[in-house]
>>> print(open('data_35.csv').read())   # CSV, N, CA and C atoms and all ligand atoms
chain,number,residue,atom,x,y,z
A,1,MET,N,21.6,-8.2,-4.6
A,1,MET,CA,21.1,-7.1,-5.4
A,1,MET,C,20.5,-7.7,-6.7
A,2,LYS,N,21.0,-8.8,-7.1
A,2,LYS,CA,20.5,-9.4,-8.4
A,2,LYS,C,19.0,-9.8,-8.2
A,3,SER,N,18.7,-10.4,-7.0
A,3,SER,CA,17.3,-10.8,-6.8
A,3,SER,C,16.4,-9.6,-6.8
A,4,LEU,N,16.8,-8.5,-6.2
A,4,LEU,CA,16.0,-7.3,-6.1
A,4,LEU,C,15.7,-6.8,-7.6
A,5,TYR,N,16.8,-6.8,-8.4
A,5,TYR,CA,16.6,-6.4,-9.8
A,5,TYR,C,15.5,-7.2,-10.5
A,6,ILE,N,15.6,-8.5,-10.3
A,6,ILE,CA,14.6,-9.4,-10.9
A,6,ILE,C,13.2,-9.1,-10.4
A,7,PHE,N,13.1,-8.8,-9.1
A,7,PHE,CA,11.8,-8.5,-8.5
A,7,PHE,C,11.3,-7.2,-9.1
A,8,VAL,N,12.1,-6.2,-9.3
A,8,VAL,CA,11.7,-4.9,-9.8
A,8,VAL,C,11.3,-5.1,-11.3
A,9,ALA,N,12.0,-5.9,-12.0
A,9,ALA,CA,11.6,-6.1,-13.4
A,9,ALA,C,10.3,-6.8,-13.5
A,10,ALA,N,10.1,-7.8,-12.6
A,10,ALA,CA,8.8,-8.5,-12.6
A,10,ALA,C,7.7,-7.5,-12.2
A,11,SER,N,7.9,-6.6,-11.3
A,11,SER,CA,6.9,-5.6,-10.9
A,11,SER,C,6.5,-4.7,-12.0
A,12,CYS,N,7.5,-4.3,-12.8
A,12,CYS,CA,7.3,-3.4,-13.9
A,12,CYS,C,6.4,-4.2,-15.0
A,13,PHE,N,6.7,-5.4,-15.2
A,13,PHE,CA,5.9,-6.2,-16.1
A,13,PHE,C,4.5,-6.3,-15.6
A,14,THR,N,4.3,-6.5,-14.3
A,14,THR,CA,3.0,-6.6,-13.8
A,14,THR,C,2.2,-5.3,-14.0
A,15,LEU,N,2.9,-4.2,-13.7
A,15,LEU,CA,2.3,-2.9,-13.9
A,15,LEU,C,1.9,-2.6,-15.4
A,16,ALA,N,2.8,-3.1,-16.3
A,16,ALA,CA,2.5,-2.9,-17.7
A,16,ALA,C,1.2,-3.7,-18.2
A,17,ILE,N,1.1,-4.9,-17.6
A,17,ILE,CA,-0.1,-5.7,-18.1
A,17,ILE,C,-1.3,-5.4,-17.2
A,18,GLY,N,-1.1,-4.8,-16.0
A,18,GLY,CA,-2.1,-4.6,-15.1
A,18,GLY,C,-3.4,-3.9,-15.6
A,19,PRO,N,-3.2,-2.8,-16.2
A,19,PRO,CA,-4.4,-2.0,-16.7
A,19,PRO,C,-5.2,-2.8,-17.7
A,20,ALA,N,-4.6,-3.5,-18.6
A,20,ALA,CA,-5.3,-4.3,-19.6
A,20,ALA,C,-6.1,-5.4,-18.9
A,21,VAL,N,-5.5,-6.1,-17.9
A,21,VAL,CA,-6.2,-7.1,-17.2
A,21,VAL,C,-7.4,-6.6,-16.5
A,22,ALA,N,-7.1,-5.4,-15.8
A,22,ALA,CA,-8.2,-4.8,-15.0
A,22,ALA,C,-9.4,-4.4,-15.9
A,23,ALA,N,-9.0,-3.9,-17.1
A,23,ALA,CA,-10.1,-3.4,-17.9
A,23,ALA,C,-11.0,-4.5,-18.4
A,24,SER,N,-10.3,-5.7,-18.7
A,24,SER,CA,-11.1,-6.8,-19.3
A,24,SER,C,-11.9,-7.5,-18.2
A,25,SER,N,-11.3,-7.6,-16.9
A,25,SER,CA,-12.0,-8.3,-15.9
A,25,SER,C,-13.0,-7.5,-15.2
A,26,GLN,N,-12.9,-6.2,-15.2
A,26,GLN,CA,-13.8,-5.3,-14.5
A,26,GLN,C,-15.2,-5.4,-15.0
A,27,ALA,N,-15.3,-5.5,-16.3
A,27,ALA,CA,-16.7,-5.5,-16.8
A,27,ALA,C,-17.4,-6.8,-16.4
A,28,ASP,N,-16.7,-7.9,-16.3
A,28,ASP,CA,-17.3,-9.1,-15.9
A,28,ASP,C,-17.6,-9.1,-14.4
A,29,HIS,N,-16.8,-8.4,-13.6
A,29,HIS,CA,-17.0,-8.6,-12.2
A,29,HIS,C,-17.8,-7.4,-11.5
A,30,ALA,N,-17.9,-6.3,-12.3
A,30,ALA,CA,-18.4,-5.1,-11.7
A,30,ALA,C,-19.8,-5.3,-11.1
A,31,HIS,N,-20.6,-6.2,-11.7
A,31,HIS,CA,-22.0,-6.4,-11.3
A,31,HIS,C,-22.0,-7.3,-10.0
A,32,MET,N,-20.9,-8.0,-9.8
A,32,MET,CA,-20.9,-8.9,-8.6
A,32,MET,C,-20.3,-8.3,-7.4
A,33,HIS,N,-19.2,-7.5,-7.6
A,33,HIS,CA,-18.6,-6.8,-6.4
A,33,HIS,C,-17.8,-5.6,-7.0
A,34,GLY,N,-17.7,-4.6,-6.1
A,34,GLY,CA,-17.1,-3.4,-6.5
A,34,GLY,C,-15.6,-3.3,-6.5
A,35,THR,N,-14.9,-4.4,-5.9
A,35,THR,CA,-13.5,-4.3,-5.8
A,35,THR,C,-12.8,-5.0,-7.0
A,36,PRO,N,-11.5,-4.5,-7.3
A,36,PRO,CA,-10.8,-5.2,-8.4
A,36,PRO,C,-10.6,-6.6,-8.1
A,37,ALA,N,-10.4,-7.4,-9.1
A,37,ALA,CA,-10.2,-8.9,-9.0
A,37,ALA,C,-9.0,-9.2,-8.2
A,38,VAL,N,-7.9,-8.4,-8.4
A,38,VAL,CA,-6.6,-8.7,-7.7
A,38,VAL,C,-6.5,-7.7,-6.5
A,39,ALA,N,-6.6,-8.2,-5.3
A,39,ALA,CA,-6.4,-7.3,-4.1
A,39,ALA,C,-4.9,-7.1,-3.9
A,40,PRO,N,-4.5,-5.9,-3.5
A,40,PRO,CA,-3.1,-5.6,-3.1
A,40,PRO,C,-2.7,-6.5,-1.9
A,41,VAL,N,-1.4,-6.8,-1.9
A,41,VAL,CA,-0.8,-7.5,-0.8
A,41,VAL,C,-0.8,-6.6,0.4
A,42,LEU,N,-1.3,-7.0,1.5
A,42,LEU,CA,-1.3,-6.1,2.7
A,42,LEU,C,-0.1,-6.5,3.6
A,43,THR,N,0.5,-5.5,4.2
A,43,THR,CA,1.7,-5.6,5.0
A,43,THR,C,1.3,-5.2,6.5
A,44,ASP,N,1.9,-5.9,7.4
A,44,ASP,CA,1.6,-5.5,8.8
A,44,ASP,C,2.4,-4.2,9.2
A,45,GLY,N,1.7,-3.4,9.9
A,45,GLY,CA,2.3,-2.1,10.3
A,45,GLY,C,1.9,-1.8,11.7
A,46,LEU,N,2.8,-1.2,12.5
A,46,LEU,CA,2.5,-0.7,13.8
A,46,LEU,C,2.6,0.9,13.8
A,47,VAL,N,1.5,1.5,14.2
A,47,VAL,CA,1.5,3.0,14.1
A,47,VAL,C,2.4,3.5,15.2
A,48,LYS,N,3.4,4.3,14.8
A,48,LYS,CA,4.3,4.9,15.8
A,48,LYS,C,4.0,6.4,16.1
A,49,LYS,N,3.4,7.1,15.0
A,49,LYS,CA,3.1,8.5,15.2
A,49,LYS,C,2.1,8.9,14.1
A,50,VAL,N,1.1,9.7,14.6
A,50,VAL,CA,0.1,10.2,13.7
A,50,VAL,C,0.3,11.7,13.6
A,51,ASP,N,0.6,12.2,12.4
A,51,ASP,CA,0.9,13.6,12.1
A,51,ASP,C,-0.2,14.2,11.3
A,52,LYS,N,-1.3,14.7,12.0
A,52,LYS,CA,-2.5,15.2,11.3
A,52,LYS,C,-2.1,16.5,10.5
A,53,ALA,N,-1.3,17.4,11.1
A,53,ALA,CA,-0.9,18.6,10.5
A,53,ALA,C,-0.1,18.4,9.2
A,54,GLY,N,0.7,17.4,9.2
A,54,GLY,CA,1.5,17.0,8.0
A,54,GLY,C,0.9,16.0,7.1
A,55,SER,N,-0.3,15.5,7.5
A,55,SER,CA,-0.9,14.4,6.8
A,55,SER,C,0.0,13.2,6.6
A,56,LYS,N,0.7,12.8,7.7
A,56,LYS,CA,1.7,11.7,7.6
A,56,LYS,C,1.4,10.7,8.7
A,57,LEU,N,1.8,9.5,8.4
A,57,LEU,CA,1.7,8.4,9.3
A,57,LEU,C,3.0,7.7,9.4
A,58,THR,N,3.6,7.7,10.6
A,58,THR,CA,4.8,7.0,10.8
A,58,THR,C,4.5,5.5,11.3
A,59,LEU,N,5.0,4.6,10.5
A,59,LEU,CA,4.7,3.2,10.7
A,59,LEU,C,6.0,2.4,10.9
A,60,SER,N,6.0,1.4,11.8
A,60,SER,CA,7.0,0.4,11.8
A,60,SER,C,6.4,-0.7,11.0
A,61,HIS,N,7.0,-1.0,9.8
A,61,HIS,CA,6.4,-1.9,8.9
A,61,HIS,C,7.2,-3.1,8.6
A,62,GLY,N,6.6,-4.2,8.2
A,62,GLY,CA,7.3,-5.4,7.8
A,62,GLY,C,7.8,-5.2,6.3
A,63,PRO,N,8.4,-6.2,5.8
A,63,PRO,CA,8.9,-6.1,4.4
A,63,PRO,C,7.8,-5.8,3.4
A,64,LEU,N,8.0,-4.9,2.5
A,64,LEU,CA,7.0,-4.5,1.5
A,64,LEU,C,7.1,-5.3,0.2
A,65,PRO,N,6.0,-5.4,-0.5
A,65,PRO,CA,6.1,-6.2,-1.8
A,65,PRO,C,7.1,-5.5,-2.8
A,66,ASN,N,7.4,-4.2,-2.6
A,66,ASN,CA,8.3,-3.5,-3.6
A,66,ASN,C,9.7,-3.8,-3.3
A,67,GLY,N,10.0,-4.6,-2.2
A,67,GLY,CA,11.4,-4.9,-1.9
A,67,GLY,C,11.9,-4.2,-0.7
A,68,MET,N,11.2,-3.2,-0.2
A,68,MET,CA,11.7,-2.5,0.9
A,68,MET,C,11.7,-3.4,2.2
A,69,PRO,N,12.8,-3.4,2.9
A,69,PRO,CA,12.9,-4.2,4.1
A,69,PRO,C,12.1,-3.6,5.2
A,70,ALA,N,11.9,-4.3,6.3
A,70,ALA,CA,11.2,-3.8,7.5
A,70,ALA,C,11.9,-2.6,8.0
A,71,MET,N,11.2,-1.6,8.4
A,71,MET,CA,11.8,-0.4,9.0
A,71,MET,C,10.7,0.5,9.6
A,72,THR,N,11.1,1.6,10.2
A,72,THR,CA,10.2,2.6,10.7
A,72,THR,C,10.3,3.8,9.8
A,73,MET,N,9.2,4.3,9.2
A,73,MET,CA,9.3,5.5,8.3
A,73,MET,C,8.0,6.2,8.3
A,74,ALA,N,8.0,7.4,7.7
A,74,ALA,CA,6.7,8.1,7.5
A,74,ALA,C,6.2,7.9,6.2
A,75,PHE,N,4.8,7.7,6.1
A,75,PHE,CA,4.1,7.6,4.9
A,75,PHE,C,3.1,8.7,4.7
A,76,GLY,N,2.8,9.0,3.5
A,76,GLY,CA,1.6,9.9,3.2
A,76,GLY,C,0.4,9.0,3.3
A,77,VAL,N,-0.8,9.6,3.2
A,77,VAL,CA,-2.0,8.7,3.2
A,77,VAL,C,-2.9,9.2,2.1
A,78,SER,N,-3.6,8.2,1.4
A,78,SER,CA,-4.5,8.6,0.4
A,78,SER,C,-5.9,9.0,0.9
A,79,ASN,N,-6.1,8.7,2.2
A,79,ASN,CA,-7.4,9.1,2.9
A,79,ASN,C,-7.0,9.7,4.2
A,80,VAL,N,-7.1,11.0,4.4
A,80,VAL,CA,-6.7,11.7,5.6
A,80,VAL,C,-7.6,11.3,6.8
A,81,ALA,N,-8.8,10.8,6.5
A,81,ALA,CA,-9.7,10.4,7.6
A,81,ALA,C,-9.1,9.3,8.4
A,82,TRP,N,-8.2,8.5,7.8
A,82,TRP,CA,-7.5,7.4,8.6
A,82,TRP,C,-6.7,8.0,9.7
A,83,LEU,N,-6.2,9.3,9.6
A,83,LEU,CA,-5.4,9.9,10.6
A,83,LEU,C,-6.3,10.1,11.9
A,84,GLU,N,-7.6,10.3,11.6
A,84,GLU,CA,-8.5,10.5,12.8
A,84,GLU,C,-8.8,9.2,13.5
A,85,GLN,N,-8.7,8.1,12.8
A,85,GLN,CA,-9.1,6.8,13.3
A,85,GLN,C,-7.9,6.1,14.0
A,86,LEU,N,-6.7,6.6,13.8
A,86,LEU,CA,-5.5,5.9,14.3
A,86,LEU,C,-4.8,6.6,15.4
A,87,LYS,N,-4.1,5.9,16.2
A,87,LYS,CA,-3.3,6.5,17.2
A,87,LYS,C,-2.0,5.6,17.4
A,88,ALA,N,-1.0,6.2,18.0
A,88,ALA,CA,0.2,5.4,18.2
A,88,ALA,C,-0.1,4.1,19.0
A,89,GLY,N,0.5,3.0,18.5
A,89,GLY,CA,0.3,1.7,19.2
A,89,GLY,C,-0.7,0.9,18.5
A,90,ASP,N,-1.5,1.5,17.5
A,90,ASP,CA,-2.5,0.7,16.8
A,90,ASP,C,-1.7,-0.2,15.8
A,91,LYS,N,-2.3,-1.4,15.6
A,91,LYS,CA,-1.7,-2.4,14.6
A,91,LYS,C,-2.7,-2.3,13.4
A,92,ILE,N,-2.0,-2.2,12.2
A,92,ILE,CA,-2.8,-2.2,11.0
A,92,ILE,C,-2.2,-3.1,9.9
A,93,ARG,N,-3.0,-3.3,8.9
A,93,ARG,CA,-2.5,-4.0,7.7
A,93,ARG,C,-2.7,-3.0,6.6
A,94,PHE,N,-1.7,-2.8,5.7
A,94,PHE,CA,-1.8,-1.7,4.7
A,94,PHE,C,-1.0,-2.1,3.4
A,95,ALA,N,-1.4,-1.3,2.4
A,95,ALA,CA,-0.7,-1.4,1.1
A,95,ALA,C,-0.2,0.0,0.9
A,96,ALA,N,1.0,0.2,0.3
A,96,ALA,CA,1.5,1.5,0.0
A,96,ALA,C,2.0,1.5,-1.5
A,97,GLU,N,1.9,2.7,-2.1
A,97,GLU,CA,2.5,2.9,-3.4
A,97,GLU,C,3.4,4.1,-3.4
A,98,GLN,N,4.3,4.1,-4.4
A,98,GLN,CA,5.1,5.3,-4.5
A,98,GLN,C,4.4,6.2,-5.5
A,99,ILE,N,4.1,7.4,-4.9
A,99,ILE,CA,3.3,8.4,-5.7
A,99,ILE,C,4.1,9.7,-5.6
A,100,ASN,N,4.5,10.2,-6.8
A,100,ASN,CA,5.3,11.5,-6.9
A,100,ASN,C,6.6,11.4,-6.0
A,101,GLY,N,7.2,10.2,-5.9
A,101,GLY,CA,8.4,10.1,-5.2
A,101,GLY,C,8.3,9.8,-3.7
A,102,ALA,N,7.0,9.8,-3.2
A,102,ALA,CA,6.8,9.6,-1.8
A,102,ALA,C,6.0,8.3,-1.6
A,103,MET,N,6.2,7.6,-0.5
A,103,MET,CA,5.5,6.4,-0.2
A,103,MET,C,4.1,6.8,0.4
A,104,VAL,N,3.0,6.3,-0.2
A,104,VAL,CA,1.7,6.7,0.3
A,104,VAL,C,0.9,5.5,0.6
A,105,VAL,N,0.3,5.4,1.8
A,105,VAL,CA,-0.6,4.3,2.2
A,105,VAL,C,-1.9,4.5,1.4
A,106,THR,N,-2.2,3.5,0.6
A,106,THR,CA,-3.3,3.5,-0.3
A,106,THR,C,-4.5,2.6,0.2
A,107,ARG,N,-4.1,1.7,1.1
A,107,ARG,CA,-5.1,0.8,1.7
A,107,ARG,C,-4.8,0.6,3.1
A,108,MET,N,-5.8,0.6,4.0
A,108,MET,CA,-5.5,0.5,5.4
A,108,MET,C,-6.7,-0.3,6.1
A,109,GLU,N,-6.3,-1.3,6.8
A,109,GLU,CA,-7.3,-2.1,7.6
A,109,GLU,C,-6.7,-2.1,9.0
A,110,ARG,N,-7.6,-1.9,10.0
A,110,ARG,CA,-7.2,-2.0,11.4
A,110,ARG,C,-7.2,-3.5,11.7
A,111,ASN,N,-6.2,-3.9,12.5
A,111,ASN,CA,-6.2,-5.3,13.0
A,111,ASN,C,-7.2,-5.5,14.1
B,201,CU,CU,10.0,1.6,4.7
>>> encode(input="data_35.csv", output="structure tokens", more="lines below")
Ligand SMILES: [Cu+2]
Amino acid sequence: MKSLYIFVAASCFTLAIGPAVAASSQADHAHMHGTPAVAPVLTDGLVKKVDKAGSKLTLSHGPLPNGMPAMTMAFGVSNVAWLEQLKAGDKIRFAAEQINGAMVVTRMERN
């Protein structure tokens, strides 16, 4: 539990300094490429179920950067178009964030 606490504290620190770093680096890099300088860590996921009606994606995922261990669970999606592109059995790489208390996939790449 102690290591998890340290990890969470480190994550909070990163979040606190993140916007300032992004603001200063974005001006320098915006003309070169449109993506932020620091890309999110992507995690392997296996699509177990696509719920278009509920806008949810059930994934069997590896350990997440936020400390969540590997498990199968439902995620929200920041882009509902992904639900049209995916089907059970697809392998993806994704990043998720906790938004309003729910885990939401914010980046998705098909393997
Ligand atoms: Cu999980």
>>> residues_near_ligand(input="data_35.csv", ligand="ligand CU 201 (chain B)", cutoff="6 Å", atoms="only N, CA and C atoms and all ligand atoms", output="CSV table (one decimal) with N, CA and C atoms, in the coordinates of the input")
chain,number,residue,atom,x,y,z
A,68,MET,N,11.2,-3.2,-0.2
A,68,MET,CA,11.7,-2.5,0.9
A,68,MET,C,11.7,-3.4,2.2
A,69,PRO,N,12.8,-3.4,2.9
A,69,PRO,CA,12.9,-4.2,4.1
A,69,PRO,C,12.1,-3.6,5.2
A,70,ALA,N,11.9,-4.3,6.3
A,70,ALA,CA,11.2,-3.8,7.5
A,70,ALA,C,11.9,-2.6,8.0
A,71,MET,N,11.2,-1.6,8.4
A,71,MET,CA,11.8,-0.4,9.0
A,71,MET,C,10.7,0.5,9.6
A,72,THR,N,11.1,1.6,10.2
A,72,THR,CA,10.2,2.6,10.7
A,72,THR,C,10.3,3.8,9.8
A,73,MET,N,9.2,4.3,9.2
A,73,MET,CA,9.3,5.5,8.3
A,73,MET,C,8.0,6.2,8.3
>>> closest_residue(input="data_35.csv", among="A:Gln85, A:Ser60, A:Gln98, A:Asn79", to="A:Gly45", atoms="only N, CA and C atoms")
A:Ser60
>>> residues_around(input="data_35.csv", residues="A:Ala88", least_positions_apart="5", cutoff="6.5 Å", atoms="all atoms listed in the file", output="PyMOL selection string")
chain A and resi 47-50
>>> write_last_selection(input="data_35.csv", atoms="N, CA and C atoms", output="PDB file, keeping the file's coordinate frame")
ATOM      1  N   VAL A  47       1.500   1.500  14.200  1.00  0.00           N
ATOM      2  CA  VAL A  47       1.500   3.000  14.100  1.00  0.00           C
ATOM      3  C   VAL A  47       2.400   3.500  15.200  1.00  0.00           C
ATOM      4  N   LYS A  48       3.400   4.300  14.800  1.00  0.00           N
ATOM      5  CA  LYS A  48       4.300   4.900  15.800  1.00  0.00           C
ATOM      6  C   LYS A  48       4.000   6.400  16.100  1.00  0.00           C
ATOM      7  N   LYS A  49       3.400   7.100  15.000  1.00  0.00           N
ATOM      8  CA  LYS A  49       3.100   8.500  15.200  1.00  0.00           C
ATOM      9  C   LYS A  49       2.100   8.900  14.100  1.00  0.00           C
ATOM     10  N   VAL A  50       1.100   9.700  14.600  1.00  0.00           N
ATOM     11  CA  VAL A  50       0.100  10.200  13.700  1.00  0.00           C
ATOM     12  C   VAL A  50       0.300  11.700  13.600  1.00  0.00           C
TER      13      VAL A  50
END
>>> closest_residue(input="data_35.csv", among="A:Leu57, A:Leu86, A:Phe75, A:Phe94", to="A:Thr43", atoms="only C-alpha atoms")
A:Phe94
>>> closest_residue(input="data_35.csv", among="A:Val38, A:Leu46, A:Ala53, A:Leu59", to="A:Lys91", atoms="only N, CA and C atoms")
A:Leu46
>>> atom_distance(input="data_35.csv", atom1="atom N of A:Pro65", atom2="atom C of A:Asp44")
10.4 Å
>>> atom_distance(input="data_35.csv", atom1="atom N of A:Val105", atom2="atom CA of A:Asp51")
13.2 Å
>>> atom_distance(input="data_35.csv", atom1="atom CA of A:Gly89", atom2="atom N of A:Gly54")
18.6 Å
>>> select_by_dssp(input="data_35.csv", residues="stretch 27-100 of chain A", states="strand (DSSP E or B)", output="MDAnalysis selection string")
chainID A and resid 43:51 56:61 71:77 91:99
>>> write_last_selection(input="data_35.csv", atoms="N, CA and C atoms", output="short mmCIF file (atom, residue, chain, number, x, y, z; two decimals), in the coordinates of the input")
data_model
loop_
_atom_site.label_atom_id
_atom_site.label_comp_id
_atom_site.auth_asym_id
_atom_site.auth_seq_id
_atom_site.Cartn_x
_atom_site.Cartn_y
_atom_site.Cartn_z
N THR A 43 0.50 -5.50 4.20
CA THR A 43 1.70 -5.60 5.00
C THR A 43 1.30 -5.20 6.50
N ASP A 44 1.90 -5.90 7.40
CA ASP A 44 1.60 -5.50 8.80
C ASP A 44 2.40 -4.20 9.20
N GLY A 45 1.70 -3.40 9.90
CA GLY A 45 2.30 -2.10 10.30
C GLY A 45 1.90 -1.80 11.70
N LEU A 46 2.80 -1.20 12.50
CA LEU A 46 2.50 -0.70 13.80
C LEU A 46 2.60 0.90 13.80
N VAL A 47 1.50 1.50 14.20
CA VAL A 47 1.50 3.00 14.10
C VAL A 47 2.40 3.50 15.20
N LYS A 48 3.40 4.30 14.80
CA LYS A 48 4.30 4.90 15.80
C LYS A 48 4.00 6.40 16.10
N LYS A 49 3.40 7.10 15.00
CA LYS A 49 3.10 8.50 15.20
C LYS A 49 2.10 8.90 14.10
N VAL A 50 1.10 9.70 14.60
CA VAL A 50 0.10 10.20 13.70
C VAL A 50 0.30 11.70 13.60
N ASP A 51 0.60 12.20 12.40
CA ASP A 51 0.90 13.60 12.10
C ASP A 51 -0.20 14.20 11.30
N LYS A 56 0.70 12.80 7.70
CA LYS A 56 1.70 11.70 7.60
C LYS A 56 1.40 10.70 8.70
N LEU A 57 1.80 9.50 8.40
CA LEU A 57 1.70 8.40 9.30
C LEU A 57 3.00 7.70 9.40
N THR A 58 3.60 7.70 10.60
CA THR A 58 4.80 7.00 10.80
C THR A 58 4.50 5.50 11.30
N LEU A 59 5.00 4.60 10.50
CA LEU A 59 4.70 3.20 10.70
C LEU A 59 6.00 2.40 10.90
N SER A 60 6.00 1.40 11.80
CA SER A 60 7.00 0.40 11.80
C SER A 60 6.40 -0.70 11.00
N HIS A 61 7.00 -1.00 9.80
CA HIS A 61 6.40 -1.90 8.90
C HIS A 61 7.20 -3.10 8.60
N MET A 71 11.20 -1.60 8.40
CA MET A 71 11.80 -0.40 9.00
C MET A 71 10.70 0.50 9.60
N THR A 72 11.10 1.60 10.20
CA THR A 72 10.20 2.60 10.70
C THR A 72 10.30 3.80 9.80
N MET A 73 9.20 4.30 9.20
CA MET A 73 9.30 5.50 8.30
C MET A 73 8.00 6.20 8.30
N ALA A 74 8.00 7.40 7.70
CA ALA A 74 6.70 8.10 7.50
C ALA A 74 6.20 7.90 6.20
N PHE A 75 4.80 7.70 6.10
CA PHE A 75 4.10 7.60 4.90
C PHE A 75 3.10 8.70 4.70
N GLY A 76 2.80 9.00 3.50
CA GLY A 76 1.60 9.90 3.20
C GLY A 76 0.40 9.00 3.30
N VAL A 77 -0.80 9.60 3.20
CA VAL A 77 -2.00 8.70 3.20
C VAL A 77 -2.90 9.20 2.10
N LYS A 91 -2.30 -1.40 15.60
CA LYS A 91 -1.70 -2.40 14.60
C LYS A 91 -2.70 -2.30 13.40
N ILE A 92 -2.00 -2.20 12.20
CA ILE A 92 -2.80 -2.20 11.00
C ILE A 92 -2.20 -3.10 9.90
N ARG A 93 -3.00 -3.30 8.90
CA ARG A 93 -2.50 -4.00 7.70
C ARG A 93 -2.70 -3.00 6.60
N PHE A 94 -1.70 -2.80 5.70
CA PHE A 94 -1.80 -1.70 4.70
C PHE A 94 -1.00 -2.10 3.40
N ALA A 95 -1.40 -1.30 2.40
CA ALA A 95 -0.70 -1.40 1.10
C ALA A 95 -0.20 0.00 0.90
N ALA A 96 1.00 0.20 0.30
CA ALA A 96 1.50 1.50 0.00
C ALA A 96 2.00 1.50 -1.50
N GLU A 97 1.90 2.70 -2.10
CA GLU A 97 2.50 2.90 -3.40
C GLU A 97 3.40 4.10 -3.40
N GLN A 98 4.30 4.10 -4.40
CA GLN A 98 5.10 5.30 -4.50
C GLN A 98 4.40 6.20 -5.50
N ILE A 99 4.10 7.40 -4.90
CA ILE A 99 3.30 8.40 -5.70
C ILE A 99 4.10 9.70 -5.60
#
>>> closest_residue(input="data_35.csv", among="A:Lys87, A:Lys52, A:Arg93, A:His61", to="A:Glu109", atoms="all atoms listed in the file")
A:Arg93
>>> closest_residue(input="data_35.csv", among="A:Thr58, A:Val77, A:Pro40, A:Pro63", to="A:Met103", atoms="all atoms listed in the file")
A:Val77
